[in-house]
Amino acid sequence: MALLDVFRLHTFIGGVHPHTEKERTNSKPIEVILPKLGAELIYPCSQHIGAPCEPLAAPGDRVLAGQKIAGSDAFVSAPVHASVSGVVKEIRDILTPSGTRCKGIVVENDGKHEQWPDLKPNPDFRSFSKEQIIGLIKEAGIVGMGGAGFPTHIKLNPPPDKKIEYCIVNAAECEPYLTNDHRLLLEETDRLITGLRIILSLHPGSKGIIGIETNKMDAIDILKKKCRDFPDITVMELMPKYPQGSEKQLIYACTGREVRSGTLPADSGCVVNNVDTVVAVERAVVRGRPLMRRVVTVTGGAVKRPGNYKVRLGMTYRDLMDAIDGFAEEPVKMISGGPMMGVSMFTLDVPIVKTSSAFLCFTEEEAVIPPERNCIRCGKCVSQCPMYLMPYMLNQSVIRGDLDAFCADGGLECMECGTCSYSCPAKRHLAQSIRAAKREVLAKRKK
Amino acid sequence: MSDTKLIVSSTPHVRSEDSIEKVMADVLVALAPATLASVYYFGFRAAFIILLCVAWCLIFEMMYERLAGKPYTIRDCSAAVTGVLLALNLPVTVPFWLPPVGAFVAIVIVKQLFGGLGQNFMNPALLARAFLQTSFTSDTVGWVAPVRSLIGASGPDAVSSATPLALLKEGVFTPQSADYLNALLGSVAGSMGETSSALIILGGLYLILRKVISWHIPVSYLGLFGLLSFIFGRQGLFTGLPLYEILTGGILLGALFMATDYATSPITPLGKIIMGLGCALLTFIIRTYGSYPEGVCYSILLMNLAVPLIDRLTKPRVFGTSGTSGPTVKEARS
């Protein structure tokens, strides 16, 4: 059966089949977690790619759930909303889960969950113009929630000369451990489909594709049943493989199109949105609610109660862990995001942001990284690189300090998916060295 | 909880279970049938020669690493693989002082002096064989017929015997179906590893199924060689015996175990095919027109030298571009 799948299922070239470790949480329904009375919620002013926001509330102000507390006039930006009602305690320099620092607004939860009065549903959203819908999405502060954080209203509104033919929902969820999108697909199927139809309505004549890996057969069945009435939506079954959820690889898997280097998916007639993002679009357009919460998979051997939790944005990981009974044992590594591309953290006192898809707590056994040894030239990194690079050769150029050779071999095209490091039998730090060299080249460019 | 003992590292945070040990262990498993067969066919002395080769390879690897102050790597089994391959390339009659000489050339000169595992630019076992054959010719060409045979009568003791390829070269020999069967099962004269073709093929298939090696080098090597030896037969055009040529001599061992050595073969599928075709052409020329009956060893060694060039010429096209390269540092800066 698995052998036949190769011929039947769509996918990209290269990639790996890591242990998914999804069994721990893929049957756990989404559980809503509310911040405790008096808890501090932290809202970073920059949770997206683009210009950081400026605070719109001052210390001492009372803010309500859904109230815009930070915004920017810049074109590429996304506003931030309070997710609870309470008093702004302070505005200070805070640490984000990605390890960077930025300005953050700290709100103390008063436990009343009083809502901003302007939030109201739009029962007649179907008669809205394109500009109105884009405006709703922009004001809701929606960004790519799969991890990239690119403002969604810009993605959905490409220049008029770029015709969008395919609106793809990224339901691949190829990162091991993660099940938050899987649960959303099962539990909020109708909202996802409505969200996708809203996106399709922005691009007349375009087709909807839900790209989903076949390790989520229950979700595929539900989606197929519910999409039967919408001939413009295809549920595309993909062979489970990492990094299928990477934008370019997903577009290739779903449409056979190769997004050219240096261009955007829109140049290839495609726009890709993550599951949670599409659901957020529905919430913003139909129910008039800004982005205030997201689903986070909390898992790993060190977690007492692994599961999928719907969390208010701004809640710290410490408060989240307290709310779900904490740790089974002392974690040795904590990761915000998936194990392949997530960021390892050194403290629990960082907020959950729009792009936080998962929180992994590894035991010593899970966290072990074997020592680096000689490259044996097995060629795995080359045959599996989804960008068709030669990671072992790039690694050698980096070791020699030869950045010209590094660039000549296409090093800057690396998307840092980590496939090469994952599969290397000599455990070489291939992706790590390539990432470092990319940073060095880009820093030199800035000079 | 205390936040003091957390590991913070760059992505990815997980690794596959693949390891150098597993790759090398797979190669040893694949070589086991042919190795055991050589003991069966050539007797106890074969086992002793194999043991000597492996032991000396391990000893030299350890000694060198101790002197150089490097971490010991004998547990990765790569030296053991070299030892087995070296033994399989020698006739059973070699004197006992020869394995240590070969092991020294393979491990110290070819492998360690160039940086150890994966850094050698020629196959260690093959270069050692070439070295021994050139330096101690009379000690390394004592090809004998097996002491045991599965079919037909066999001598009580090892007797010196011409290899099938030497017979072919003399042009006085036309193999019969029994000769094909002997070549397949291993009852022919030759080095320890080039007797039982069936078991070598079995080992090669195991490596391909385990995805340790790909099909590209063996198929292109054997395919082109078979074609060439049929077209330009020893008795005139289109008179060749491609199957017998492939089943005898060291070409199967070479195509499946030597030319596919990671360190000395190209990385990309296209590069591997070029490597296989090059080996086939050279082997054919040496066997048919050269003065040696067998040319596998030198063909692979010569192609080993071309690998860096092949690698450079067969870089894959980068995704989303039409060429093999991205922007240069200079372009990136502007």
# chains A, B, ... in the order shown; residues from 1 in each chain; ligands from 1
call {"tool": "residues_around", "arguments": {"residues": "A:Phe359", "least_positions_apart": "2", "cutoff": "9 Å", "atoms": "only C-alpha atoms", "output": "list in words"}}
result
Val296, Thr297, Val298, Thr299, Gly300, Tyr317, Met334, Ile335, Ser336, Gly337, Gly338, Gly342, Ser356, Ser357 and Cys361 of chain A
call {"tool": "interface_residues", "arguments": {"of": "chain A", "to": "chain B", "cutoff": "7 Å", "atoms": "only C-alpha atoms", "output": "PyMOL selection string"}}
result
chain A and resi 18+258-261+332-333+339-342+344-347+367+374-379+387-389+404+407-413+418+421-423+425-426+432+441+444-446
call {"tool": "write_last_selection", "arguments": {"atoms": "C-alpha atoms", "output": "short mmCIF file (atom, residue, chain, number, x, y, z; two decimals), in the first residue's frame"}}
result
data_model
loop_
_atom_site.label_atom_id
_atom_site.label_comp_id
_atom_site.auth_asym_id
_atom_site.auth_seq_id
_atom_site.Cartn_x
_atom_site.Cartn_y
_atom_site.Cartn_z
CA PRO A 18 10.92 11.72 10.60
CA GLU A 258 8.21 25.85 -8.93
CA VAL A 259 8.29 29.27 -7.29
CA ARG A 260 11.29 31.02 -8.81
CA SER A 261 14.08 32.15 -6.55
CA VAL A 332 16.17 19.49 29.50
CA LYS A 333 15.17 21.42 26.39
CA PRO A 339 11.44 20.18 16.61
CA MET A 340 12.77 20.85 13.12
CA MET A 341 12.49 24.64 12.91
CA GLY A 342 11.40 25.80 16.37
CA SER A 344 14.93 26.53 21.87
CA MET A 345 14.17 28.72 24.86
CA PHE A 346 15.95 29.39 28.11
CA THR A 347 13.02 30.67 30.15
CA ALA A 367 17.14 16.20 23.60
CA ASN A 374 33.61 13.01 9.67
CA CYS A 375 31.39 13.34 6.62
CA ILE A 376 31.29 9.94 4.91
CA ARG A 377 29.90 11.43 1.68
CA CYS A 378 26.85 9.18 1.74
CA GLY A 379 24.97 11.84 -0.26
CA MET A 387 15.97 23.00 -2.50
CA TYR A 388 18.31 20.67 -4.45
CA LEU A 389 21.42 22.05 -2.74
CA ASP A 404 32.13 33.12 -2.32
CA CYS A 407 27.12 31.69 -2.45
CA ALA A 408 28.17 30.20 -5.79
CA ASP A 409 26.75 26.84 -4.70
CA GLY A 410 23.42 28.46 -3.90
CA GLY A 411 23.85 28.66 -0.13
CA LEU A 412 21.54 31.66 0.11
CA GLU A 413 18.69 29.60 -1.33
CA GLY A 418 17.07 21.15 8.78
CA SER A 421 21.18 17.79 9.69
CA TYR A 422 18.30 15.50 10.62
CA SER A 423 19.28 12.67 8.31
CA PRO A 425 24.51 9.65 9.69
CA ALA A 426 27.68 11.47 10.75
CA GLN A 432 23.45 25.09 11.48
CA VAL A 441 26.62 37.07 3.99
CA LYS A 444 27.92 41.96 4.80
CA ARG A 445 25.26 42.95 2.29
CA LYS A 446 23.82 45.45 4.74
#
call {"tool": "residues_around", "arguments": {"residues": "stretch 129-137 of chain A", "least_positions_apart": "2", "cutoff": "12 Å", "atoms": "only C-alpha atoms", "output": "ChimeraX atom specification"}}
result
/A:77-79,119-122,124-127,139-144,151-158,195,198-204,277-291
call {"tool": "closest_residue", "arguments": {"among": "A:His429, A:Lys241, A:His81, A:Lys224", "to": "A:Ile210", "atoms": "only C-alpha atoms"}}
result
A:Lys224
call {"tool": "atom_distance", "arguments": {"atom1": "atom CA of A:Met415", "atom2": "atom CA of A:Met217"}}
result
28.7 Å
call {"tool": "atom_distance", "arguments": {"atom1": "atom CA of B:Thr314", "atom2": "atom CA of B:Leu270"}}
result
6.5 Å
call {"tool": "atom_distance", "arguments": {"atom1": "atom CA of B:Gly223", "atom2": "atom CA of B:Leu202"}}
result
17.6 Å
call {"tool": "select_by_dssp", "arguments": {"residues": "stretch 201-432 of chain A", "states": "strand (DSSP E or B)", "output": "CSV table (one decimal) with all heavy atoms, in the first residue's frame"}}
result
chain,number,residue,atom,x,y,z
A,207,LYS,N,-9.0,28.7,-7.7
A,207,LYS,CA,-9.4,27.4,-7.1
A,207,LYS,C,-8.8,27.2,-5.7
A,207,LYS,O,-7.7,27.6,-5.5
A,207,LYS,CB,-8.9,26.3,-8.0
A,207,LYS,CG,-9.7,26.1,-9.3
A,207,LYS,CD,-9.4,24.8,-10.0
A,207,LYS,CE,-10.4,24.4,-11.0
A,207,LYS,NZ,-10.9,25.4,-11.9
A,208,GLY,N,-9.6,26.5,-4.9
A,208,GLY,CA,-9.1,26.3,-3.5
A,208,GLY,C,-8.5,24.9,-3.4
A,208,GLY,O,-9.1,23.9,-3.9
A,209,ILE,N,-7.3,24.8,-2.8
A,209,ILE,CA,-6.7,23.5,-2.5
A,209,ILE,C,-6.4,23.3,-1.1
A,209,ILE,O,-5.8,24.2,-0.5
A,209,ILE,CB,-5.4,23.3,-3.4
A,209,ILE,CG1,-5.7,23.4,-4.9
A,209,ILE,CG2,-4.8,22.0,-3.0
A,209,ILE,CD1,-4.5,23.3,-5.7
A,210,ILE,N,-6.9,22.3,-0.4
A,210,ILE,CA,-6.5,22.0,0.9
A,210,ILE,C,-5.4,20.9,0.9
A,210,ILE,O,-5.7,19.8,0.6
A,210,ILE,CB,-7.7,21.6,1.8
A,210,ILE,CG1,-8.8,22.7,1.8
A,210,ILE,CG2,-7.2,21.3,3.2
A,210,ILE,CD1,-10.0,22.3,2.5
A,211,GLY,N,-4.2,21.3,1.1
A,211,GLY,CA,-3.1,20.3,1.0
A,211,GLY,C,-2.9,19.6,2.3
A,211,GLY,O,-2.5,20.3,3.3
A,212,ILE,N,-3.1,18.3,2.4
A,212,ILE,CA,-3.1,17.6,3.7
A,212,ILE,C,-2.4,16.3,3.6
A,212,ILE,O,-2.6,15.6,2.6
A,212,ILE,CB,-4.6,17.5,4.2
A,212,ILE,CG1,-4.6,16.8,5.5
A,212,ILE,CG2,-5.5,16.9,3.2
A,212,ILE,CD1,-5.9,16.9,6.3
A,213,GLU,N,-1.6,16.0,4.5
A,213,GLU,CA,-0.9,14.7,4.5
A,213,GLU,C,-1.7,13.5,4.9
A,213,GLU,O,-2.6,13.7,5.8
A,213,GLU,CB,0.4,14.8,5.3
A,213,GLU,CG,1.4,15.8,4.8
A,213,GLU,CD,2.7,15.7,5.5
A,213,GLU,OE1,2.8,15.1,6.6
A,213,GLU,OE2,3.7,16.3,5.0
A,233,ILE,N,-13.2,23.7,-4.5
A,233,ILE,CA,-12.3,23.3,-3.5
A,233,ILE,C,-11.9,21.9,-3.6
A,233,ILE,O,-12.7,21.0,-3.7
A,233,ILE,CB,-12.9,23.6,-2.1
A,233,ILE,CG1,-13.2,25.0,-1.9
A,233,ILE,CG2,-11.9,23.1,-1.0
A,233,ILE,CD1,-13.8,25.4,-0.5
A,234,THR,N,-10.6,21.6,-3.7
A,234,THR,CA,-10.1,20.3,-3.8
A,234,THR,C,-9.3,19.9,-2.5
A,234,THR,O,-8.6,20.7,-2.0
A,234,THR,CB,-9.0,20.2,-5.0
A,234,THR,OG1,-9.6,20.8,-6.1
A,234,THR,CG2,-8.7,18.7,-5.3
A,235,VAL,N,-9.6,18.7,-2.0
A,235,VAL,CA,-8.8,18.2,-0.9
A,235,VAL,C,-7.7,17.4,-1.4
A,235,VAL,O,-8.0,16.3,-2.0
A,235,VAL,CB,-9.7,17.4,0.1
A,235,VAL,CG1,-8.9,16.9,1.3
A,235,VAL,CG2,-10.9,18.3,0.6
A,236,MET,N,-6.5,17.9,-1.4
A,236,MET,CA,-5.4,17.2,-2.0
A,236,MET,C,-4.6,16.3,-1.0
A,236,MET,O,-4.0,16.9,-0.1
A,236,MET,CB,-4.5,18.1,-2.7
A,236,MET,CG,-3.5,17.4,-3.6
A,236,MET,SD,-2.8,18.4,-4.9
A,236,MET,CE,-4.1,18.8,-5.9
A,237,GLU,N,-4.6,15.0,-1.2
A,237,GLU,CA,-3.9,14.1,-0.3
A,237,GLU,C,-2.4,14.1,-0.6
A,237,GLU,O,-2.1,13.9,-1.8
A,237,GLU,CB,-4.5,12.7,-0.4
A,237,GLU,CG,-5.9,12.7,0.1
A,237,GLU,CD,-6.5,11.3,-0.1
A,237,GLU,OE1,-5.9,10.3,0.2
A,237,GLU,OE2,-7.7,11.2,-0.5
A,238,LEU,N,-1.6,14.4,0.3
A,238,LEU,CA,-0.2,14.5,0.1
A,238,LEU,C,0.5,13.3,0.9
A,238,LEU,O,0.1,12.9,1.9
A,238,LEU,CB,0.4,15.8,0.6
A,238,LEU,CG,-0.3,17.1,0.0
A,238,LEU,CD1,0.2,18.3,0.7
A,238,LEU,CD2,-0.1,17.2,-1.5
A,242,TYR,N,8.5,15.5,5.4
A,242,TYR,CA,9.0,16.8,5.9
A,242,TYR,C,9.9,17.3,4.8
A,242,TYR,O,10.7,16.5,4.3
A,242,TYR,CB,9.7,16.7,7.2
A,242,TYR,CG,10.3,18.0,7.7
A,242,TYR,CD1,9.5,18.8,8.5
A,242,TYR,CD2,11.6,18.3,7.4
A,242,TYR,CE1,10.0,20.1,8.9
A,242,TYR,CE2,12.1,19.5,7.8
A,242,TYR,CZ,11.3,20.4,8.5
A,242,TYR,OH,11.8,21.6,8.9
A,270,CYS,N,-0.1,31.7,-6.9
A,270,CYS,CA,-0.6,30.9,-5.7
A,270,CYS,C,-0.5,31.8,-4.4
A,270,CYS,O,0.3,32.7,-4.3
A,270,CYS,CB,0.4,29.7,-5.4
A,270,CYS,SG,0.3,28.5,-6.8
A,271,VAL,N,-1.4,31.5,-3.5
A,271,VAL,CA,-1.3,32.1,-2.2
A,271,VAL,C,-1.6,31.0,-1.2
A,271,VAL,O,-2.5,30.2,-1.4
A,271,VAL,CB,-2.3,33.3,-2.1
A,271,VAL,CG1,-3.7,32.9,-2.4
A,271,VAL,CG2,-2.2,33.9,-0.7
A,272,VAL,N,-0.7,30.9,-0.2
A,272,VAL,CA,-0.7,29.8,0.8
A,272,VAL,C,-1.0,30.4,2.2
A,272,VAL,O,-0.4,31.3,2.6
A,272,VAL,CB,0.6,29.0,0.8
A,272,VAL,CG1,0.5,27.9,1.8
A,272,VAL,CG2,0.9,28.5,-0.6
A,273,ASN,N,-2.0,29.8,2.8
A,273,ASN,CA,-2.3,30.2,4.2
A,273,ASN,C,-2.4,28.9,5.1
A,273,ASN,O,-2.9,27.9,4.7
A,273,ASN,CB,-3.6,31.0,4.3
A,273,ASN,CG,-3.4,32.4,3.7
A,273,ASN,OD1,-2.8,33.2,4.4
A,273,ASN,ND2,-4.0,32.6,2.6
A,274,ASN,N,-1.9,29.1,6.3
A,274,ASN,CA,-2.0,28.0,7.3
A,274,ASN,C,-3.4,27.8,7.8
A,274,ASN,O,-4.2,28.7,7.7
A,274,ASN,CB,-1.0,28.5,8.4
A,274,ASN,CG,-1.2,27.7,9.7
A,274,ASN,OD1,-1.9,28.2,10.5
A,274,ASN,ND2,-0.6,26.6,9.8
A,293,ARG,N,-6.5,34.6,20.1
A,293,ARG,CA,-6.1,33.4,20.6
A,293,ARG,C,-5.6,32.5,19.5
A,293,ARG,O,-5.8,32.8,18.3
A,293,ARG,CB,-7.3,32.7,21.3
A,293,ARG,CG,-8.5,32.6,20.4
A,293,ARG,CD,-9.7,32.4,21.2
A,293,ARG,NE,-10.8,32.0,20.3
A,293,ARG,CZ,-12.0,31.7,20.8
A,293,ARG,NH1,-12.3,31.7,22.1
A,293,ARG,NH2,-13.0,31.4,20.0
A,294,ARG,N,-5.0,31.4,19.9
A,294,ARG,CA,-4.5,30.4,18.9
A,294,ARG,C,-4.4,29.0,19.6
A,294,ARG,O,-4.5,28.9,20.8
A,294,ARG,CB,-3.2,30.8,18.3
A,294,ARG,CG,-2.0,30.7,19.1
A,294,ARG,CD,-0.8,30.6,18.3
A,294,ARG,NE,-0.9,29.3,17.5
A,294,ARG,CZ,-0.5,29.2,16.3
A,294,ARG,NH1,0.1,30.2,15.6
A,294,ARG,NH2,-0.6,28.0,15.7
A,295,VAL,N,-4.3,28.0,18.7
A,295,VAL,CA,-4.2,26.7,19.3
A,295,VAL,C,-2.7,26.3,19.3
A,295,VAL,O,-2.0,26.6,18.4
A,295,VAL,CB,-5.0,25.7,18.4
A,295,VAL,CG1,-4.8,24.3,19.0
A,295,VAL,CG2,-6.4,26.1,18.3
A,296,VAL,N,-2.3,25.8,20.5
A,296,VAL,CA,-0.9,25.5,20.7
A,296,VAL,C,-0.8,24.0,21.1
A,296,VAL,O,-1.6,23.6,22.0
A,296,VAL,CB,-0.3,26.4,21.8
A,296,VAL,CG1,1.2,26.0,22.1
A,296,VAL,CG2,-0.4,27.8,21.5
A,297,THR,N,0.0,23.3,20.5
A,297,THR,CA,0.3,21.9,20.9
A,297,THR,C,1.3,21.9,22.0
A,297,THR,O,2.4,22.4,21.7
A,297,THR,CB,0.7,21.0,19.7
A,297,THR,OG1,-0.3,21.0,18.7
A,297,THR,CG2,1.0,19.6,20.2
A,298,VAL,N,1.0,21.4,23.1
A,298,VAL,CA,2.0,21.3,24.2
A,298,VAL,C,2.3,19.8,24.3
A,298,VAL,O,1.5,19.0,24.7
A,298,VAL,CB,1.6,21.9,25.5
A,298,VAL,CG1,2.7,21.8,26.6
A,298,VAL,CG2,1.1,23.3,25.3
A,299,THR,N,3.6,19.4,24.1
A,299,THR,CA,3.9,18.0,24.1
A,299,THR,C,5.4,17.8,24.4
A,299,THR,O,6.1,18.7,24.7
A,299,THR,CB,3.5,17.4,22.8
A,299,THR,OG1,3.7,15.9,22.9
A,299,THR,CG2,4.2,17.9,21.6
A,303,VAL,N,6.3,16.7,29.6
A,303,VAL,CA,5.0,17.4,29.9
A,303,VAL,C,4.1,16.4,30.5
A,303,VAL,O,3.9,15.2,30.1
A,303,VAL,CB,4.3,17.9,28.6
A,303,VAL,CG1,3.0,18.5,28.9
A,303,VAL,CG2,5.2,18.9,28.0
A,307,GLY,N,-1.2,18.0,25.1
A,307,GLY,CA,-2.5,18.2,24.4
A,307,GLY,C,-2.5,19.4,23.5
A,307,GLY,O,-1.4,20.0,23.3
A,308,ASN,N,-3.7,19.7,23.0
A,308,ASN,CA,-3.8,20.9,22.2
A,308,ASN,C,-4.7,21.9,22.9
A,308,ASN,O,-5.8,21.6,23.4
A,308,ASN,CB,-4.5,20.5,20.9
A,308,ASN,CG,-3.8,19.3,20.2
A,308,ASN,OD1,-2.7,19.5,19.7
A,308,ASN,ND2,-4.4,18.1,20.3
A,309,TYR,N,-4.1,23.1,23.1
A,309,TYR,CA,-4.8,24.0,24.0
A,309,TYR,C,-5.1,25.3,23.2
A,309,TYR,O,-4.2,25.8,22.5
A,309,TYR,CB,-3.9,24.3,25.2
A,309,TYR,CG,-3.7,23.1,26.0
A,309,TYR,CD1,-2.5,22.4,25.8
A,309,TYR,CD2,-4.6,22.6,26.8
A,309,TYR,CE1,-2.2,21.2,26.5
A,309,TYR,CE2,-4.4,21.4,27.5
A,309,TYR,CZ,-3.2,20.7,27.4
A,309,TYR,OH,-3.0,19.5,28.1
A,310,LYS,N,-6.3,25.8,23.4
A,310,LYS,CA,-6.6,27.1,22.8
A,310,LYS,C,-6.3,28.2,23.8
A,310,LYS,O,-6.9,28.2,24.9
A,310,LYS,CB,-8.1,27.2,22.4
A,310,LYS,CG,-8.4,28.4,21.5
A,310,LYS,CD,-9.9,28.3,21.0
A,310,LYS,CE,-10.0,27.6,19.7
A,310,LYS,NZ,-11.4,27.6,19.2
A,311,VAL,N,-5.3,29.0,23.5
A,311,VAL,CA,-4.7,29.8,24.5
A,311,VAL,C,-4.9,31.3,24.1
A,311,VAL,O,-4.8,31.6,22.9
A,311,VAL,CB,-3.2,29.5,24.6
A,311,VAL,CG1,-2.5,30.3,25.7
A,311,VAL,CG2,-2.9,28.1,24.8
A,312,ARG,N,-5.1,32.2,25.1
A,312,ARG,CA,-5.2,33.6,24.8
A,312,ARG,C,-3.7,34.1,24.5
A,312,ARG,O,-2.8,33.7,25.2
A,312,ARG,CB,-5.7,34.4,26.1
A,312,ARG,CG,-7.1,34.0,26.4
A,312,ARG,CD,-8.0,34.6,25.4
A,312,ARG,NE,-9.3,34.0,25.5
A,312,ARG,CZ,-10.5,34.8,25.5
A,312,ARG,NH1,-10.4,36.1,25.5
A,312,ARG,NH2,-11.6,34.2,25.5
A,316,THR,N,1.8,33.8,29.3
A,316,THR,CA,3.2,33.3,29.3
A,316,THR,C,3.2,31.8,29.3
A,316,THR,O,2.2,31.2,29.7
A,316,THR,CB,4.0,33.8,30.5
A,316,THR,OG1,3.4,33.3,31.7
A,316,THR,CG2,4.1,35.3,30.5
A,327,PHE,N,5.0,19.9,34.6
A,327,PHE,CA,5.9,19.0,34.0
A,327,PHE,C,5.8,17.6,34.7
A,327,PHE,O,5.6,17.5,35.9
A,327,PHE,CB,7.3,19.5,34.1
A,327,PHE,CG,7.5,20.8,33.4
A,327,PHE,CD1,7.5,22.0,34.0
A,327,PHE,CD2,7.7,20.8,32.0
A,327,PHE,CE1,7.7,23.2,33.3
A,327,PHE,CE2,7.8,21.9,31.3
A,327,PHE,CZ,7.9,23.2,32.0
A,333,LYS,N,15.2,20.5,27.5
A,333,LYS,CA,15.2,21.4,26.4
A,333,LYS,C,13.7,21.9,26.2
A,333,LYS,O,12.8,21.1,26.3
A,333,LYS,CB,15.7,20.7,25.1
A,333,LYS,CG,16.0,21.7,24.0
A,333,LYS,CD,16.6,20.9,22.9
A,333,LYS,CE,17.6,21.8,22.1
A,333,LYS,NZ,18.3,21.0,21.0
A,334,MET,N,13.5,23.2,26.0
A,334,MET,CA,12.2,23.7,25.7
A,334,MET,C,12.2,24.4,24.4
A,334,MET,O,13.1,25.2,24.1
A,334,MET,CB,11.8,24.7,26.8
A,334,MET,CG,11.8,24.1,28.2
A,334,MET,SD,11.0,25.1,29.4
A,334,MET,CE,11.9,26.7,29.2
A,335,ILE,N,11.2,24.1,23.6
A,335,ILE,CA,11.2,24.6,22.2
A,335,ILE,C,9.9,25.3,21.9
A,335,ILE,O,8.9,24.7,22.1
A,335,ILE,CB,11.5,23.4,21.2
A,335,ILE,CG1,12.8,22.8,21.4
A,335,ILE,CG2,11.4,24.0,19.7
A,335,ILE,CD1,12.9,21.4,20.9
A,336,SER,N,10.0,26.5,21.4
A,336,SER,CA,8.8,27.1,20.9
A,336,SER,C,8.7,26.8,19.4
A,336,SER,O,9.5,27.3,18.6
A,336,SER,CB,8.9,28.6,21.1
A,336,SER,OG,7.9,29.3,20.4
A,343,VAL,N,12.4,27.3,18.0
A,343,VAL,CA,13.5,28.0,18.7
A,343,VAL,C,13.6,27.4,20.1
A,343,VAL,O,12.6,27.4,20.8
A,343,VAL,CB,13.3,29.5,18.7
A,343,VAL,CG1,14.4,30.2,19.4
A,343,VAL,CG2,13.1,30.0,17.3
A,344,SER,N,14.8,27.0,20.5
A,344,SER,CA,14.9,26.5,21.9
A,344,SER,C,15.0,27.7,22.8
A,344,SER,O,15.6,28.8,22.5
A,344,SER,CB,16.2,25.6,22.0
A,344,SER,OG,17.3,26.3,21.7
A,345,MET,N,14.3,27.6,24.0
A,345,MET,CA,14.2,28.7,24.9
A,345,MET,C,14.9,28.5,26.2
A,345,MET,O,15.2,27.3,26.5
A,345,MET,CB,12.7,28.9,25.2
A,345,MET,CG,11.8,29.0,23.9
A,345,MET,SD,10.2,29.7,24.3
A,345,MET,CE,9.7,28.6,25.6
A,351,PRO,N,5.9,35.3,26.3
A,351,PRO,CA,4.5,35.2,25.9
A,351,PRO,C,4.3,34.3,24.7
A,351,PRO,O,5.1,34.1,23.9
A,351,PRO,CB,4.1,36.6,25.6
A,351,PRO,CG,5.3,37.3,25.1
A,351,PRO,CD,6.5,36.6,25.8
A,358,ALA,N,3.5,25.6,18.8
A,358,ALA,CA,3.7,24.5,19.7
A,358,ALA,C,4.7,24.8,20.8
A,358,ALA,O,5.5,25.8,20.7
A,358,ALA,CB,4.2,23.3,19.0
A,359,PHE,N,4.6,24.1,21.9
A,359,PHE,CA,5.6,24.2,22.9
A,359,PHE,C,6.0,22.8,23.3
A,359,PHE,O,5.2,22.0,23.7
A,359,PHE,CB,5.0,24.9,24.1
A,359,PHE,CG,5.9,25.1,25.3
A,359,PHE,CD1,7.2,25.7,25.1
A,359,PHE,CD2,5.6,24.7,26.5
A,359,PHE,CE1,8.0,25.9,26.1
A,359,PHE,CE2,6.5,24.8,27.6
A,359,PHE,CZ,7.7,25.5,27.4
A,360,LEU,N,7.3,22.5,23.0
A,360,LEU,CA,7.8,21.2,23.3
A,360,LEU,C,8.8,21.2,24.5
A,360,LEU,O,9.6,22.0,24.6
A,360,LEU,CB,8.6,20.6,22.1
A,360,LEU,CG,7.9,20.7,20.7
A,360,LEU,CD1,8.8,20.1,19.6
A,360,LEU,CD2,6.6,20.1,20.7
A,361,CYS,N,8.6,20.2,25.4
A,361,CYS,CA,9.5,20.0,26.5
A,361,CYS,C,10.1,18.7,26.4
A,361,CYS,O,9.4,17.7,26.6
A,361,CYS,CB,8.7,20.2,27.8
A,361,CYS,SG,7.9,21.8,27.9
A,362,PHE,N,11.4,18.6,26.1
A,362,PHE,CA,12.1,17.4,25.9
A,362,PHE,C,12.7,16.9,27.1
A,362,PHE,O,13.3,17.6,28.0
A,362,PHE,CB,13.2,17.6,24.8
A,362,PHE,CG,12.7,17.5,23.4
A,362,PHE,CD1,13.5,17.7,22.3
A,362,PHE,CD2,11.3,17.3,23.1
A,362,PHE,CE1,13.1,17.7,21.0
A,362,PHE,CE2,10.8,17.3,21.8
A,362,PHE,CZ,11.7,17.5,20.8
call {"tool": "residues_around", "arguments": {"residues": "A:Pro52", "least_positions_apart": "4", "cutoff": "12 Å", "atoms": "only C-alpha atoms", "output": "VMD selection string"}}
result
chain A and resid 44 to 48 70 to 80 101 to 104 151
call {"tool": "select_by_dssp", "arguments": {"residues": "stretch 38-158 of chain A", "states": "alpha helix (DSSP H)", "output": "list in words"}}
result
Lys130, Glu131, Gln132, Ile133, Ile134, Gly135, Leu136, Ile137, Lys138, Glu139, Thr152, His153, Ile154 and Lys155 of chain A
